[in-house]
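Visitor: This is the structure I have questions about; it appears just below.
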Amino acid sequence: MSRVKSGVVTHARHRKVIKAAKGYYAARSTNFRTATQAVDKANQYATRDRKTRKRTFRALWIQRINAAVRLFDAEMTYSRFINGLALAGIEVDRKVLADLAVREPEAFNAIAAQAKKALV
C-alpha cells in the first residue's frame, strides 16, 4: 500500500490561515506560524468584543436619553424618567427611546411629558 502525502491538506490549511490574516502588518500576514498566532488572538478579541458591543451601545443609548430628558426638563434625570415610564405603563426599550430622542424630539418630549405626569 502506498503512503499518503499530506502536502495538499497542509497547504490548504496554511492558505486558510494566511487568507484570514490578510491586511495584517509584515510577517503577521505572510508567515504561517506568526499568522496563526495573530488570527487566533484576533478571534479571541472578536469573541470578547461581541459581548462588549452590547454593553457599549446600551451605555450610549442611556447617555442620549439622559441628555434629551435634561433638555426637556432640567430637574428630571434619567432614572426618574425611566421610573416615570414604568409608572405610566409605557414599555419602550432604550434603543427606541434613544432613536426617538435624536430623530423625533417632539415624539420623545410627548413621552417624557407622560412620564413626568405619572411621577407627580
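To be explicit about the labels: the chains of the C-alpha cells are called A, B, and onward in the order shown, and within each one the residues are counted from 1, while ligands get numbers from 1 in the order they are shown.
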What's around Gln63 in chain A at 12 Å? Count only C-alpha atoms, leave out sequence neighbours fewer than 5 positions away in its own chain, and write the answer as number ranges by chain.
Guide: A: 56-58, 68-70, 77-79, 94-95, 97-99, 101-102
Visitor: Would you please extract all helix (DSSP H, G or I) residues from chain A, as assigned by DSSP on the backbone, and give them as JSON, numbers by chain?
Guide: {"A": [7, 8, 9, 10, 11, 12, 13, 14, 15, 16, 17, 18, 19, 20, 26, 27, 28, 29, 32, 33, 34, 35, 36, 37, 38, 39, 40, 41, 42, 43, 44, 45, 46, 47, 48, 49, 50, 51, 52, 53, 54, 55, 56, 57, 58, 59, 60, 61, 62, 63, 64, 65, 66, 67, 68, 69, 70, 71, 72, 78, 79, 80, 81, 82, 83, 84, 85, 86, 87, 88, 94, 95, 96, 97, 98, 99, 100, 101, 102, 103, 105, 106, 107, 108, 109, 110, 111, 112, 113, 114, 115, 116, 117, 118, 119]}
Visitor: Hey, what's within 10 Å of Lys117 in chain A if we count only C-alpha atoms and toss same-chain stuff fewer than 3 positions away? As an mmCIF file with N, CA and C atoms, in the first residue's frame, please?
Guide:
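Listing of around.cif after writing:
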data_model
loop_
_atom_site.group_PDB
_atom_site.id
_atom_site.type_symbol
_atom_site.label_atom_id
_atom_site.label_comp_id
_atom_site.auth_asym_id
_atom_site.auth_seq_id
_atom_site.Cartn_x
_atom_site.Cartn_y
_atom_site.Cartn_z
ATOM 1 N N GLY A 84 -40.739 57.004 35.761
ATOM 2 C CA GLY A 84 -41.994 57.568 35.276
ATOM 3 C C GLY A 84 -42.589 56.758 34.141
ATOM 4 N N LEU A 85 -41.741 56.254 33.253
ATOM 5 C CA LEU A 85 -42.232 55.390 32.167
ATOM 6 C C LEU A 85 -42.877 54.130 32.730
ATOM 7 N N LEU A 87 -44.198 53.745 35.720
ATOM 8 C CA LEU A 87 -45.453 54.099 36.386
ATOM 9 C C LEU A 87 -46.558 54.415 35.385
ATOM 10 N N ALA A 88 -46.181 54.995 34.246
ATOM 11 C CA ALA A 88 -47.159 55.330 33.213
ATOM 12 C C ALA A 88 -47.561 54.115 32.389
ATOM 13 N N ILE A 111 -43.522 61.668 25.131
ATOM 14 C CA ILE A 111 -43.334 60.526 26.040
ATOM 15 C C ILE A 111 -42.806 61.021 27.381
ATOM 16 N N ALA A 112 -41.873 61.963 27.352
ATOM 17 C CA ALA A 112 -41.313 62.495 28.591
ATOM 18 C C ALA A 112 -42.384 63.219 29.409
ATOM 19 N N ALA A 113 -43.288 63.908 28.727
ATOM 20 C CA ALA A 113 -44.366 64.593 29.439
ATOM 21 C C ALA A 113 -45.271 63.582 30.151
ATOM 22 N N GLN A 114 -45.563 62.471 29.496
ATOM 23 C CA GLN A 114 -46.381 61.422 30.133
ATOM 24 C C GLN A 114 -45.656 60.831 31.316
ATOM 25 N N VAL A 120 -45.850 62.648 39.205
ATOM 26 C CA VAL A 120 -46.488 63.606 40.126
ATOM 27 C C VAL A 120 -47.753 63.058 40.725
#
Visitor: Neighbours of Phe32 in chain A within 12 Å (only C-alpha atoms; same-chain residues fewer than 3 positions away dropped), as number ranges by chain?
Guide: A: 10-22, 26-29, 35-40
Visitor: Which of these, A:Arg64, A:Lys116, A:Arg53, A:Lys41, has the shortest distance to Met76 in chain A once you count only C-alpha atoms?
Guide: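 Distance minimum relative to Met76 in chain A lands on A:Lys116.
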Visitor: Grab the CA of Lys54 in chain A to CA of Leu100 in chain A distance for me, in Å with one decimal place.
Guide: 19.3 Å
Visitor: Between A:Ala86, A:Arg33, A:Lys5, A:Phe72, which has the minimum distance to Ala107 in chain A (counting only C-alpha atoms)?
Guide: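 Smallest distance to Ala107 in chain A is found for A:Phe72.
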Visitor: CA of Ile82 in chain A and CA of Ile62 in chain A, how far apart in Å?
Guide: 10.2 Å
